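Colleague: Supplied in structure tokens, the structure appears directly below.
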Amino acid sequence: MSFTTPFGSVANATYLQVSEADSLIIGLVAYLICYFLFFRRKRLFENLCLACLFVYASLVLSLTQTILFPWAIQVSAQATAEHLQNIQWVPFESVSSVIRYCFVHNDPHLFYYLVIGNFVVLMPLGILVPLLRKRMRLPSVSLMALLTAVSLEGMQLITNLLGGQVREVELDDVILNAAGCIVGYLILAGCRRLFIVEPVKHTASKRKRRRR
């Protein structure tokens with residue numbers, strides 16, 4: 001027996017899969033609760049970034065995770081060994097197989113979905129968090145990207161081990177996710193350099209001229 005919400009979330013006796021539409025609503029509601037509790041004194045721009053971050057985080061979780069109900073947990077030594085053996089540890093092995101498949105079948109949709117999709121999924125994280133924490137630099141963003149990507153794959157592995165919907169756990173996903181997050185930060189840093197740093201330098205040079 002299963003239940004489907006008006007916005008497409010599916011719940012049955014084993015798991016809950018949240019749809020993209022429901023995840024947007026959940027993220028917005030979570031932000032509004034935190035706004036009235038913690039964020040009311042923050043500036044408008046900060047609240048806009050926080051709202052986007054809450055909604056974005058909820059959307060990413062809905063796309064990458066499945067909620068397994070406690071009573072449906074089933075752990076066995078054999079299944080655990082199989083899931084651990086199925087982890088793909090070789091860098092770019094999955095990416096190369098996807099590219100070969102797309103060339104052979106002349107169908108790029110799988111490449112867009114699995115490769116490009118994994119690359120861009122954390123790109124907004126590399127933009128929104130540094131907008132909120134302006135002192136973040138590339139090393140901090142790289143660490144955040146790696147930890148987030150590993151956490152997402154780790155949660156998928158835990159769900160597999162507990163007997164939930166089986167999702168592929170691959171090193172390629174971690175690499176693509178982290179790389180996309182870092183590229184997002186580099187795009188933001190480039191925009192800052194073009195539109196913010198240069199005017200500041202220009203203003204500073206004017207002040208030096210006045211002092212002379």
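Residue numbering restarts at 1 for every chain of the structure tokens, chains are lettered A, B, ... in their displayed order, and ligands are numbered from 1 as they appear.
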I want to know what sits within 8 Å of segment 119-124 of chain A, based on only C-alpha atoms, with residues of the same chain fewer than 3 positions away left out; could you give that as a list in words?
Modeller: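 Contacts, in chain order: Tyr56, Val60, Val115, Ile116, Ile127, Leu128, Ala145, Leu176, Asn177, Ala178, Ala179, Gly180, Cys181, Ile182, Val183, Gly184 and Tyr185 of chain A.
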Colleague: Return the single residue from A:Leu138, A:Leu131, A:Ile158, A:Val169 that is closest to Ile73 of chain A, with distances computed using only C-alpha atoms.
Modeller: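 Of A:Leu138, A:Leu131, A:Ile158, A:Val169, the one nearest Ile73 of chain A is A:Ile158, counting only C-alpha atoms.
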Colleague: Env of Gln65 of chain A: 10 Å cut, atoms = only C-alpha atoms, seq-sep filter 6 positions within chain, self excluded. Answer as a list in words.
Modeller: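 Counting only the stated atoms, we get Leu16, Gln17, Val18, Leu152, Glu153, Met155, Gln156, Thr159, Gln165 and Arg167 of chain A.
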Colleague: DSSP on the backbone: which residues in segment 3-188 of chain A end up as strand (DSSP E or B)? Give the answer as a PyMOL selection string.
Modeller: chain A and resi 3-4+10-12+15-17+67-68+88+170
Colleague: Could you dump the residues just selected with all heavy atoms as a compact mmCIF listing (two decimals), in the first residue's frame?
Modeller:
# COMPACT_ATOMS: atom_id res chain seq x y z
N PHE A 3 1.10 5.74 -0.70
CA PHE A 3 0.37 7.01 -0.68
C PHE A 3 1.18 8.04 -1.45
O PHE A 3 2.40 8.14 -1.28
CB PHE A 3 0.16 7.48 0.76
CG PHE A 3 -0.42 8.87 0.86
CD1 PHE A 3 -1.77 9.10 0.62
CD2 PHE A 3 0.40 9.95 1.18
CE1 PHE A 3 -2.30 10.37 0.71
CE2 PHE A 3 -0.12 11.23 1.27
CZ PHE A 3 -1.48 11.44 1.04
N THR A 4 0.50 8.80 -2.29
CA THR A 4 1.15 9.83 -3.10
C THR A 4 0.53 11.18 -2.79
O THR A 4 -0.70 11.33 -2.81
CB THR A 4 1.01 9.54 -4.60
OG1 THR A 4 1.54 8.24 -4.88
CG2 THR A 4 1.77 10.57 -5.43
N VAL A 10 6.06 10.10 -2.63
CA VAL A 10 5.54 8.74 -2.53
C VAL A 10 5.97 8.13 -1.20
O VAL A 10 7.15 8.14 -0.85
CB VAL A 10 6.03 7.85 -3.69
CG1 VAL A 10 5.52 6.42 -3.53
CG2 VAL A 10 5.59 8.44 -5.02
N ALA A 11 4.99 7.59 -0.46
CA ALA A 11 5.27 6.90 0.80
C ALA A 11 4.60 5.53 0.76
O ALA A 11 3.45 5.41 0.35
CB ALA A 11 4.74 7.71 1.98
N ASN A 12 5.36 4.53 1.17
CA ASN A 12 4.77 3.20 1.31
C ASN A 12 5.19 2.61 2.65
O ASN A 12 5.64 3.34 3.52
CB ASN A 12 5.18 2.29 0.13
CG ASN A 12 6.68 2.19 -0.02
OD1 ASN A 12 7.43 2.32 0.95
ND2 ASN A 12 7.14 1.96 -1.25
N TYR A 15 9.50 3.11 2.72
CA TYR A 15 10.27 4.35 2.60
C TYR A 15 9.39 5.51 2.18
O TYR A 15 8.23 5.34 1.77
CB TYR A 15 11.40 4.16 1.58
CG TYR A 15 10.92 3.93 0.16
CD1 TYR A 15 10.63 5.00 -0.70
CD2 TYR A 15 10.71 2.65 -0.32
CE1 TYR A 15 10.17 4.78 -1.98
CE2 TYR A 15 10.25 2.41 -1.60
CZ TYR A 15 9.98 3.48 -2.43
OH TYR A 15 9.51 3.28 -3.71
N LEU A 16 9.98 6.71 2.26
CA LEU A 16 9.35 7.94 1.78
C LEU A 16 10.29 8.60 0.79
O LEU A 16 11.45 8.86 1.11
CB LEU A 16 9.07 8.90 2.94
CG LEU A 16 8.68 10.34 2.57
CD1 LEU A 16 7.35 10.36 1.83
CD2 LEU A 16 8.62 11.21 3.82
N GLN A 17 9.79 8.85 -0.41
CA GLN A 17 10.56 9.57 -1.43
C GLN A 17 9.90 10.92 -1.64
O GLN A 17 8.78 11.01 -2.13
CB GLN A 17 10.59 8.79 -2.75
CG GLN A 17 11.39 9.48 -3.85
CD GLN A 17 12.86 9.61 -3.51
OE1 GLN A 17 13.55 8.62 -3.29
NE2 GLN A 17 13.35 10.84 -3.44
N ILE A 67 14.12 8.39 2.43
CA ILE A 67 13.89 8.25 3.87
C ILE A 67 13.35 6.85 4.15
O ILE A 67 12.25 6.50 3.72
CB ILE A 67 12.91 9.32 4.38
CG1 ILE A 67 13.46 10.72 4.10
CG2 ILE A 67 12.65 9.14 5.86
CD1 ILE A 67 12.49 11.83 4.43
N LEU A 68 14.15 6.07 4.87
CA LEU A 68 13.75 4.71 5.23
C LEU A 68 13.11 4.71 6.61
O LEU A 68 13.67 5.23 7.56
CB LEU A 68 14.98 3.79 5.22
CG LEU A 68 14.74 2.32 5.52
CD1 LEU A 68 13.94 1.67 4.41
CD2 LEU A 68 16.08 1.60 5.70
N GLN A 88 32.03 1.80 -6.06
CA GLN A 88 32.94 2.05 -7.19
C GLN A 88 34.04 3.00 -6.72
O GLN A 88 33.79 4.18 -6.47
CB GLN A 88 32.15 2.64 -8.36
CG GLN A 88 32.87 2.64 -9.69
CD GLN A 88 33.82 3.82 -9.82
OE1 GLN A 88 33.46 4.95 -9.54
NE2 GLN A 88 35.02 3.54 -10.25
N GLU A 170 29.48 5.84 -5.69
CA GLU A 170 30.63 5.91 -6.59
C GLU A 170 31.54 7.06 -6.21
O GLU A 170 31.08 8.14 -5.82
CB GLU A 170 30.16 6.10 -8.04
CG GLU A 170 29.24 5.00 -8.53
CD GLU A 170 28.67 5.30 -9.91
OE1 GLU A 170 28.75 6.47 -10.33
OE2 GLU A 170 28.17 4.37 -10.55
Colleague: Nearest to Gly8 of chain A: which of A:Gln78, A:Ser142, A:Gln85, A:Ser23 is it, counting only C-alpha atoms?
Modeller: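 Closest candidate: A:Ser23.
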Colleague: One decimal, Å: what's the distance from atom CA of Leu50 of chain A over to atom CA of Ile33 of chain A, could you say?
Modeller: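 Taking atom CA of Leu50 of chain A as the start and atom CA of Ile33 of chain A as the end point, the length is 12.1 Å.
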Colleague: Could you tell me how far atom CA of Phe54 of chain A sits from atom CA of Gly27 of chain A, in Å to one decimal place?
Modeller: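 Between these atoms lies a distance of 5.1 Å.
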Colleague: Output as a compact mmCIF listing (two decimals) with all heavy atoms, in the first residue's frame all residues of segment 51-99 of chain A that backbone DSSP marks as helix (DSSP H, G or I).
Modeller:
# COMPACT_ATOMS: atom_id res chain seq x y z
N ALA A 51 17.29 31.92 2.57
CA ALA A 51 16.08 31.28 2.02
C ALA A 51 16.45 30.38 0.84
O ALA A 51 15.98 29.24 0.75
CB ALA A 51 15.08 32.36 1.59
N CYS A 52 17.29 30.89 -0.05
CA CYS A 52 17.74 30.08 -1.19
C CYS A 52 18.51 28.85 -0.72
O CYS A 52 18.35 27.76 -1.28
CB CYS A 52 18.61 30.92 -2.12
SG CYS A 52 17.73 32.23 -2.99
N LEU A 53 19.33 29.01 0.32
CA LEU A 53 20.13 27.89 0.83
C LEU A 53 19.24 26.81 1.44
O LEU A 53 19.46 25.61 1.21
CB LEU A 53 21.13 28.41 1.86
CG LEU A 53 22.15 27.40 2.39
CD1 LEU A 53 23.01 26.87 1.25
CD2 LEU A 53 23.03 28.05 3.45
N PHE A 54 18.22 27.21 2.20
CA PHE A 54 17.31 26.24 2.80
C PHE A 54 16.55 25.47 1.72
O PHE A 54 16.45 24.24 1.77
CB PHE A 54 16.32 26.95 3.73
CG PHE A 54 16.79 27.07 5.14
CD1 PHE A 54 17.78 27.98 5.47
CD2 PHE A 54 16.26 26.29 6.15
CE1 PHE A 54 18.23 28.12 6.78
CE2 PHE A 54 16.69 26.41 7.46
CZ PHE A 54 17.68 27.33 7.77
N VAL A 55 16.01 26.20 0.75
CA VAL A 55 15.24 25.55 -0.32
C VAL A 55 16.15 24.65 -1.15
O VAL A 55 15.77 23.53 -1.52
CB VAL A 55 14.56 26.62 -1.19
CG1 VAL A 55 13.92 25.99 -2.42
CG2 VAL A 55 13.51 27.38 -0.38
N TYR A 56 17.34 25.14 -1.45
CA TYR A 56 18.29 24.37 -2.25
C TYR A 56 18.71 23.09 -1.52
O TYR A 56 18.75 22.01 -2.12
CB TYR A 56 19.51 25.23 -2.57
CG TYR A 56 20.72 24.45 -2.98
CD1 TYR A 56 20.80 23.85 -4.24
CD2 TYR A 56 21.80 24.29 -2.11
CE1 TYR A 56 21.90 23.12 -4.61
CE2 TYR A 56 22.90 23.57 -2.48
CZ TYR A 56 22.95 22.99 -3.73
OH TYR A 56 24.05 22.26 -4.09
N ALA A 57 19.03 23.19 -0.23
CA ALA A 57 19.44 22.01 0.54
C ALA A 57 18.32 20.97 0.58
O ALA A 57 18.58 19.76 0.45
CB ALA A 57 19.83 22.43 1.96
N SER A 58 17.10 21.42 0.76
CA SER A 58 15.97 20.50 0.78
C SER A 58 15.80 19.80 -0.57
O SER A 58 15.53 18.60 -0.64
CB SER A 58 14.69 21.26 1.16
OG SER A 58 13.58 20.39 1.19
N LEU A 59 16.01 20.56 -1.65
CA LEU A 59 15.89 19.98 -2.99
C LEU A 59 16.97 18.95 -3.24
O LEU A 59 16.70 17.86 -3.80
CB LEU A 59 15.96 21.10 -4.03
CG LEU A 59 15.86 20.68 -5.50
CD1 LEU A 59 14.54 19.99 -5.76
CD2 LEU A 59 16.03 21.88 -6.41
N VAL A 60 18.20 19.25 -2.85
CA VAL A 60 19.31 18.31 -3.05
C VAL A 60 19.06 17.01 -2.28
O VAL A 60 19.28 15.91 -2.80
CB VAL A 60 20.65 18.94 -2.62
CG1 VAL A 60 21.76 17.89 -2.58
CG2 VAL A 60 21.03 20.05 -3.58
N LEU A 61 18.59 17.12 -1.05
CA LEU A 61 18.31 15.93 -0.26
C LEU A 61 17.20 15.09 -0.88
O LEU A 61 17.26 13.85 -0.87
CB LEU A 61 17.94 16.32 1.17
CG LEU A 61 19.08 16.87 2.03
CD1 LEU A 61 18.55 17.34 3.37
CD2 LEU A 61 20.17 15.81 2.23
N SER A 62 16.19 15.74 -1.44
CA SER A 62 15.11 14.99 -2.08
C SER A 62 15.59 14.26 -3.33
O SER A 62 15.09 13.18 -3.66
CB SER A 62 13.95 15.92 -2.43
OG SER A 62 14.27 16.75 -3.53
N LEU A 63 16.58 14.85 -4.02
CA LEU A 63 17.09 14.24 -5.25
C LEU A 63 18.07 13.10 -4.97
O LEU A 63 18.20 12.18 -5.78
CB LEU A 63 17.79 15.30 -6.11
CG LEU A 63 16.89 16.37 -6.74
CD1 LEU A 63 17.75 17.45 -7.40
CD2 LEU A 63 15.94 15.75 -7.75
N THR A 64 18.75 13.16 -3.84
CA THR A 64 19.82 12.20 -3.58
C THR A 64 19.52 11.18 -2.49
O THR A 64 20.23 10.18 -2.40
CB THR A 64 21.11 12.95 -3.19
OG1 THR A 64 20.88 13.73 -2.01
CG2 THR A 64 21.56 13.87 -4.31
N PRO A 70 11.95 3.42 10.26
CA PRO A 70 12.69 2.56 11.22
C PRO A 70 12.21 1.12 11.21
O PRO A 70 13.02 0.20 11.37
CB PRO A 70 12.42 3.25 12.56
CG PRO A 70 12.14 4.68 12.23
CD PRO A 70 11.43 4.65 10.91
N TRP A 71 10.90 0.90 11.07
CA TRP A 71 10.39 -0.47 11.14
C TRP A 71 10.73 -1.28 9.88
O TRP A 71 10.54 -2.50 9.87
CB TRP A 71 8.89 -0.46 11.34
CG TRP A 71 8.15 0.34 10.29
CD1 TRP A 71 7.80 -0.06 9.04
CD2 TRP A 71 7.70 1.69 10.43
NE1 TRP A 71 7.14 0.94 8.37
CE2 TRP A 71 7.06 2.03 9.21
CE3 TRP A 71 7.76 2.63 11.46
CZ2 TRP A 71 6.50 3.29 9.00
CZ3 TRP A 71 7.20 3.87 11.25
CH2 TRP A 71 6.58 4.20 10.03
N ALA A 72 11.24 -0.61 8.85
CA ALA A 72 11.58 -1.31 7.61
C ALA A 72 13.07 -1.64 7.51
O ALA A 72 13.52 -2.18 6.51
CB ALA A 72 11.17 -0.48 6.40
N ALA A 77 24.49 -9.66 7.11
CA ALA A 77 25.92 -9.68 6.79
C ALA A 77 26.15 -9.84 5.29
O ALA A 77 27.03 -9.20 4.71
CB ALA A 77 26.60 -10.81 7.55
N GLN A 78 25.34 -10.66 4.64
CA GLN A 78 25.51 -10.91 3.21
C GLN A 78 25.21 -9.65 2.41
O GLN A 78 25.97 -9.27 1.51
CB GLN A 78 24.59 -12.05 2.76
CG GLN A 78 24.74 -12.38 1.28
CD GLN A 78 23.84 -13.51 0.85
OE1 GLN A 78 23.14 -14.11 1.69
NE2 GLN A 78 23.84 -13.83 -0.43
N ALA A 79 24.09 -8.99 2.73
CA ALA A 79 23.73 -7.77 2.00
C ALA A 79 24.75 -6.67 2.25
O ALA A 79 25.12 -5.92 1.33
CB ALA A 79 22.34 -7.31 2.42
N THR A 80 25.24 -6.58 3.49
CA THR A 80 26.25 -5.57 3.80
C THR A 80 27.52 -5.80 2.98
O THR A 80 28.09 -4.86 2.43
CB THR A 80 26.59 -5.61 5.30
OG1 THR A 80 25.39 -5.31 6.05
CG2 THR A 80 27.66 -4.59 5.64
N ALA A 81 27.96 -7.05 2.91
CA ALA A 81 29.16 -7.37 2.13
C ALA A 81 28.96 -7.05 0.65
O ALA A 81 29.86 -6.51 -0.01
CB ALA A 81 29.52 -8.84 2.31
N GLU A 82 27.78 -7.33 0.12
CA GLU A 82 27.51 -7.05 -1.29
C GLU A 82 27.52 -5.55 -1.57
O GLU A 82 28.09 -5.10 -2.57
CB GLU A 82 26.16 -7.66 -1.68
CG GLU A 82 26.16 -9.17 -1.73
CD GLU A 82 24.80 -9.73 -2.08
OE1 GLU A 82 23.84 -8.91 -2.22
OE2 GLU A 82 24.67 -10.96 -2.20
N HIS A 83 26.89 -4.78 -0.71
CA HIS A 83 26.85 -3.33 -0.92
C HIS A 83 28.25 -2.72 -0.81
O HIS A 83 28.59 -1.82 -1.58
CB HIS A 83 25.91 -2.68 0.09
CG HIS A 83 24.47 -2.96 -0.15
ND1 HIS A 83 23.86 -2.75 -1.37
CD2 HIS A 83 23.49 -3.43 0.68
CE1 HIS A 83 22.58 -3.09 -1.30
NE2 HIS A 83 22.34 -3.51 -0.06
N LEU A 84 29.04 -3.22 0.12
CA LEU A 84 30.40 -2.70 0.26
C LEU A 84 31.26 -3.07 -0.95
O LEU A 84 32.10 -2.27 -1.39
CB LEU A 84 31.04 -3.22 1.55
CG LEU A 84 30.41 -2.70 2.86
CD1 LEU A 84 31.07 -3.36 4.05
CD2 LEU A 84 30.53 -1.17 2.96
N GLN A 85 31.06 -4.26 -1.48
CA GLN A 85 31.81 -4.66 -2.66
C GLN A 85 31.39 -3.89 -3.91
O GLN A 85 32.20 -3.72 -4.83
CB GLN A 85 31.61 -6.17 -2.91
CG GLN A 85 32.32 -7.06 -1.90
CD GLN A 85 32.05 -8.53 -2.14
OE1 GLN A 85 31.25 -8.89 -3.00
NE2 GLN A 85 32.70 -9.38 -1.36
N GLU A 93 35.86 5.84 -13.67
CA GLU A 93 35.44 4.61 -14.35
C GLU A 93 33.99 4.70 -14.79
O GLU A 93 33.65 4.34 -15.93
CB GLU A 93 35.63 3.41 -13.41
CG GLU A 93 35.23 2.08 -14.05
CD GLU A 93 35.44 0.90 -13.13
OE1 GLU A 93 35.91 1.12 -11.99
OE2 GLU A 93 35.14 -0.23 -13.53
N SER A 94 33.13 5.20 -13.91
CA SER A 94 31.71 5.34 -14.27
C SER A 94 31.52 6.39 -15.36
O SER A 94 30.71 6.21 -16.28
CB SER A 94 30.89 5.71 -13.03
OG SER A 94 30.96 4.69 -12.06
N VAL A 95 32.26 7.49 -15.26
CA VAL A 95 32.14 8.55 -16.26
C VAL A 95 32.53 8.03 -17.64
O VAL A 95 31.85 8.28 -18.64
CB VAL A 95 33.01 9.77 -15.87
CG1 VAL A 95 33.04 10.80 -17.00
CG2 VAL A 95 32.48 10.41 -14.60
N SER A 96 33.64 7.30 -17.70
CA SER A 96 34.09 6.77 -18.99
C SER A 96 33.09 5.77 -19.56
O SER A 96 32.84 5.75 -20.77
CB SER A 96 35.47 6.13 -18.85
OG SER A 96 35.42 5.06 -17.92
N SER A 97 32.48 4.95 -18.70
CA SER A 97 31.49 3.99 -19.19
C SER A 97 30.24 4.69 -19.71
O SER A 97 29.65 4.28 -20.72
CB SER A 97 31.13 3.00 -18.09
OG SER A 97 30.51 3.66 -17.00
N VAL A 98 29.84 5.77 -19.04
CA VAL A 98 28.69 6.55 -19.51
C VAL A 98 29.00 7.19 -20.86
O VAL A 98 28.16 7.19 -21.77
CB VAL A 98 28.31 7.62 -18.47
CG1 VAL A 98 27.31 8.62 -19.06
CG2 VAL A 98 27.74 6.98 -17.23
N ILE A 99 30.20 7.74 -21.00
CA ILE A 99 30.58 8.38 -22.27
C ILE A 99 30.60 7.34 -23.39
O ILE A 99 30.11 7.61 -24.51
CB ILE A 99 31.95 9.07 -22.12
CG1 ILE A 99 31.83 10.25 -21.16
CG2 ILE A 99 32.46 9.54 -23.48
CD1 ILE A 99 33.15 10.92 -20.84
